[in-house]
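To start, the structure under review is shown below, and the notes come after it.
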Amino acid sequence: MVAAWLSCHGCGGRFDPMSTLALACPRAVPGDGIDHVLEPVIEGRRWPLGDQDNPFLRYRSLSLAATMLDDERLSTVIEELDLAVQQVDGRGFRVTPWAWSSSLSCMVKDETGNVAGSHKGRHLFGLMVYLRALELRGRLPSRPPLAIASCGNAALAAAVVARAACWPLQVFVPTDADPAVLDRLATLDAQVQTCPRAPDQPGDPAVHALRQALAAGALPFTVQGDACGISVEGGRTLAWELCDQGELPDVLYVQVGGGALASAVWQGLRDARDLGRISHLPRLVLVQTDNAHPLARAWRRLEGRDLTLAARDRARFMWPWEQPPHSVAHGILDDETYDWWACCEGLRATGGEVVLVDEQTLVAARDEARAAGFSASATGTASLAGLRAHPPPAGQRAGVLVTGRG
Ligand SMILES: [Zn+2]
């Protein structure tokens with residue numbers, strides 16, 4: 001018997017995934033100091049044994065949508081949506097390569113060939129499948145606009161998936177957004193709004209604008225877990241793939257900005273262990289830049305403290321980075337690590353740590369990856385920078401995630 005619910009680690013609430021549009025915790029009250037983030041929990045599942053090349057088809061039984069639609073209908077939703085994504089972006093979702101790179105002397109998960117050129121589409125495609133399931137079950141009678149705050153890959157991925165689903169999308173971007181990204185967003189019919197920093201308001205102005213749009217009725221189509229916990233679920237496909245692609249490394253390096261990728265990887269590995277697919281977890285090493293590292297700060301402050309209690313005292317661990325951050329790895333410069341709590345849970349469970357890298361190492365890692373044939377950005381190769389700056393003990397195998405096209 002399969003049972004599914006959405007669990008909030010902040011307030012301890014449990015919510016029916018079909019009773020409400022519970023993309024964010026319904027009990028969250030601005031300023032209550034609690035780290036409300038919803039996480040899908042499904043009991044009674046088995047590790048899927050399919051061999052489909054589309055990860056959303058292969059692992060569909062592990063998704064919330066599988067508890068809302070029968071298998072045939074869910075498969076049709078995924079196939080139709082993936083076909084529409086192919087028409088918009090020229091490619092659909094396929095299992096991405098995971099292989100030993102002799103040039104880099106580590107395992108590499110290569111996401112640069114994924115939809116919209118990064119792993120971000122995984123988060124948003126999974127969320128779209130969930131929204132379609134709500135629609136088909138009659139829980140979403142109209143289509144409010146979708147909204148996201150992002151300056152790069154997440155916005156591109158959101159625009160591709162929203163366009164494929166014929167769903168309007170608002171994108172809130174900072175003033176220094178890449179003109180090439182803005183052009184592509186325009187061709188995908190996204191409504192883009194530029195958000196300047198206000199001197200008296202800490203934190204990312206695009207995220208503030210997103211929150212206003214959500215308050216006005218837009219649906220979060222974004223990868224910040226506090227705004228949309230469901231978006232982390234689709235990202236788990238990356239870790240589920242790893243677990244079916246051969247031996248895991250001893251140490252897995254993951255770059256962290258807002259934290260959705262790292263929390264998705266952690267939760268996906270945990271799923272695979274709990275369902276008997278893997279017997280041990282790799283040690284997670286999470287990578288941030290010298291110039292902005294709110295997760296490293298939170299991890300240090302956490303020390304031996306109780307995680308459950310920490311979730312009820314968020315401001316003690318996580319707050320916006322004080323100075324507007326700059327780095328060549330600009331995709332991981334989030335003012336806050338929104339999914340910090342799940343990152344810390346993964347660090348605790350795997351004996352992991354947060355490491356910092358300087359600009360020189362970030363640039364060198366990008367150039368090294370490019371020379372090895374990975375057409376990636378410095379954000380996308382930040383985990384390789386982490387490996388170079390903080391290698392594992394001799395004899396341990398390392399893996400990195402190359403997550404964004406250059
Ligand atoms: Zn809550």
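The chains in the structure tokens are called A, B, ... from first to last as shown; in each chain the residues are counted from 1, and the ligands are counted from 1 in the order shown.
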
Wanna dump the chain A-ligand 1 contacts at 9 Å for me, each residue with its shortest atom pair and the distance in Å to one decimal, counting only C-alpha atoms and all ligand atoms, ordered by chain and number, as CSV?
residue,atom,partner,partner_atom_place_in_ligand_line,distance
A:Ser7,CA,ligand 1,1 (Zn),7.9
A:Cys8,CA,ligand 1,1 (Zn),4.6
A:His9,CA,ligand 1,1 (Zn),6.6
A:Gly10,CA,ligand 1,1 (Zn),5.0
A:Cys11,CA,ligand 1,1 (Zn),4.2
A:Gly12,CA,ligand 1,1 (Zn),6.3
A:Gly13,CA,ligand 1,1 (Zn),5.6
A:Arg14,CA,ligand 1,1 (Zn),8.4
A:Ala24,CA,ligand 1,1 (Zn),8.1
A:Cys25,CA,ligand 1,1 (Zn),4.7
A:Pro26,CA,ligand 1,1 (Zn),6.7
A:Arg27,CA,ligand 1,1 (Zn),5.2
A:Ala28,CA,ligand 1,1 (Zn),5.4
A:Val29,CA,ligand 1,1 (Zn),8.9
A:Ile34,CA,ligand 1,1 (Zn),7.3
A:Asp35,CA,ligand 1,1 (Zn),7.1
A:His36,CA,ligand 1,1 (Zn),4.0
A:Val37,CA,ligand 1,1 (Zn),6.2
A:Leu38,CA,ligand 1,1 (Zn),7.0

Close residues, Gly229 in chain A itself excluded, 8 Å, only C-alpha atoms, min 3 positions apart in chain, as JSON, numbers by chain: {"A": [23, 24, 37, 38, 39, 40, 223, 224, 225, 226, 232, 233]}

Please produce an output containing N, CA and C atoms for each residue in the selection, written as a PDB file, in the first residue's frame.
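The file below, again07.pdb, is the result:
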ATOM      1  N   LEU A  23       2.257  23.880  -2.555  1.00  0.00           N
ATOM      2  CA  LEU A  23       3.605  23.910  -3.118  1.00  0.00           C
ATOM      3  C   LEU A  23       4.585  24.423  -2.069  1.00  0.00           C
ATOM      4  N   ALA A  24       4.090  25.334  -1.216  1.00  0.00           N
ATOM      5  CA  ALA A  24       4.858  25.792  -0.050  1.00  0.00           C
ATOM      6  C   ALA A  24       4.032  25.474   1.184  1.00  0.00           C
ATOM      7  N   VAL A  37       9.797  24.101   4.809  1.00  0.00           N
ATOM      8  CA  VAL A  37      10.077  23.577   3.462  1.00  0.00           C
ATOM      9  C   VAL A  37       9.366  22.223   3.346  1.00  0.00           C
ATOM     10  N   LEU A  38       8.562  22.077   2.318  1.00  0.00           N
ATOM     11  CA  LEU A  38       7.836  20.814   2.138  1.00  0.00           C
ATOM     12  C   LEU A  38       8.705  19.790   1.425  1.00  0.00           C
ATOM     13  N   GLU A  39       8.565  18.555   1.854  1.00  0.00           N
ATOM     14  CA  GLU A  39       9.293  17.466   1.204  1.00  0.00           C
ATOM     15  C   GLU A  39       8.315  16.320   0.947  1.00  0.00           C
ATOM     16  N   PRO A  40       8.265  15.821  -0.305  1.00  0.00           N
ATOM     17  CA  PRO A  40       7.391  14.685  -0.552  1.00  0.00           C
ATOM     18  C   PRO A  40       7.892  13.437   0.175  1.00  0.00           C
ATOM     19  N   VAL A 223      13.058  27.039  -8.034  1.00  0.00           N
ATOM     20  CA  VAL A 223      13.827  25.991  -7.379  1.00  0.00           C
ATOM     21  C   VAL A 223      14.232  26.354  -5.954  1.00  0.00           C
ATOM     22  N   GLN A 224      13.671  27.440  -5.402  1.00  0.00           N
ATOM     23  CA  GLN A 224      13.904  27.710  -3.980  1.00  0.00           C
ATOM     24  C   GLN A 224      12.913  26.861  -3.185  1.00  0.00           C
ATOM     25  N   GLY A 225      13.442  25.934  -2.369  1.00  0.00           N
ATOM     26  CA  GLY A 225      12.580  24.965  -1.702  1.00  0.00           C
ATOM     27  C   GLY A 225      11.540  25.576  -0.793  1.00  0.00           C
ATOM     28  N   ASP A 226      11.853  26.708  -0.161  1.00  0.00           N
ATOM     29  CA  ASP A 226      10.854  27.286   0.733  1.00  0.00           C
ATOM     30  C   ASP A 226       9.648  27.797  -0.047  1.00  0.00           C
ATOM     31  N   VAL A 232      12.136  20.183  -5.718  1.00  0.00           N
ATOM     32  CA  VAL A 232      13.316  19.379  -5.395  1.00  0.00           C
ATOM     33  C   VAL A 232      13.135  17.936  -5.888  1.00  0.00           C
ATOM     34  N   GLU A 233      11.880  17.479  -5.933  1.00  0.00           N
ATOM     35  CA  GLU A 233      11.617  16.078  -6.281  1.00  0.00           C
ATOM     36  C   GLU A 233      12.176  15.712  -7.655  1.00  0.00           C
TER      37      GLU A 233
END

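For range 162-167 of chain A, the residues within 9 Å (counting only C-alpha atoms, excluding itself and residues fewer than 5 positions away along the chain) are Leu81, Asp82, Leu83, Ala84, Val85, Gln86, Gln87, Val88, Asp89, Leu124, Phe125, Met128, Arg132, Arg143, Pro144, Pro145, Leu146, Ala157, Leu188, Asp189, Ala190 and Phe221 of chain A.
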
Which range 375-405 of chain A residues have any atom within 9 Å of an atom of range 255-279 of chain A, and for each, what is the nearest pair of atoms with distance in Å to one decimal, counting only C-alpha atoms, rows sorted by chain and number, as a Markdown table?
| residue | atom | partner | partner_atom | distance |
| --- | --- | --- | --- | --- |
| A:Thr379 | CA | A:Gln255 | CA | 7.8 |
| A:Gly380 | CA | A:Gln255 | CA | 7.9 |
| A:Thr381 | CA | A:Gln255 | CA | 8.1 |
| A:Ala382 | CA | A:Gln255 | CA | 5.7 |
| A:Ser383 | CA | A:Gln255 | CA | 5.0 |
| A:Leu384 | CA | A:Gln255 | CA | 8.7 |
| A:Gly386 | CA | A:Gln255 | CA | 8.1 |
| A:Val400 | CA | A:Gln255 | CA | 8.8 |
| A:Leu401 | CA | A:Gln255 | CA | 7.8 |
| A:Thr403 | CA | A:Gln255 | CA | 8.8 |

Residue neighbourhood Arg197 in chain A, 10 Å, only C-alpha atoms, exclusion window fewer than 6 positions, as a ChimeraX atom specification: /A:174-175,203-206,208,324

Spatial neighbours of Val41 in chain A, 9 Å, only C-alpha atoms, chain gap at least 2 places, as a list of chain:residue names: A:Ala3, A:Ala4, A:Trp5, A:Leu6, A:Ser7, A:Glu39, A:Glu43, A:Leu64

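Using only C-alpha atoms, the residues found no farther than 7 Å from Asp313 in chain A, other than those of its own chain fewer than 3 positions away, are Gly33, Ile34, Leu309, Ala310 and Arg316 of chain A.
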
Test item, alpha helix (DSSP H) assignment across range 132-192 of chain A, answer as a list in words: Arg132, Ala133, Leu134, Glu135, Leu136, Asn153, Ala154, Ala155, Leu156, Ala157, Ala158, Ala159, Val160, Val161, Ala162, Arg163, Ala164, Pro179, Ala180, Val181, Leu182, Asp183, Arg184, Leu185, Ala186 and Thr187 of chain A

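Distances here use only C-alpha atoms; by that measure, the residue among A:Ile78, A:Val160, A:Ala371, A:Leu286 closest to Ala186 in chain A is A:Val160.
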
Non-local contacts of range 396-398 of chain A (7 Å; only C-alpha atoms; under 6 positions in same chain excluded) as number ranges by chain: A: 106-107, 249-252

Quick one: write out the picked residues with C-alpha atoms as a PDB file, in the first residue's frame?
ATOM      1  CA  CYS A 106      37.338  11.513 -11.332  1.00  0.00           C
ATOM      2  CA  MET A 107      33.815  10.363 -12.132  1.00  0.00           C
ATOM      3  CA  PRO A 249      32.317   7.206  -5.721  1.00  0.00           C
ATOM      4  CA  ASP A 250      33.541   7.426  -2.139  1.00  0.00           C
ATOM      5  CA  VAL A 251      33.127  11.200  -2.195  1.00  0.00           C
ATOM      6  CA  LEU A 252      30.630  13.203  -4.261  1.00  0.00           C
TER       7      LEU A 252
END

In range 201-268 of chain A, DSSP strand (DSSP E or B) residues written as a ChimeraX atom specification: /A:219-220,251-255

Which of A:Ala329, A:Pro30, A:Ala177, A:Thr289 sits closest to Arg211 in chain A [using only C-alpha atoms]: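 Residue with the minimum atom-to-atom distance to Arg211 in chain A: A:Pro30.
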
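Of the listed residues A:Arg405, A:His330, A:Arg236, A:Arg301, the one whose atoms come nearest to Glu111 in chain A is A:Arg405, with distances taken using only C-alpha atoms.
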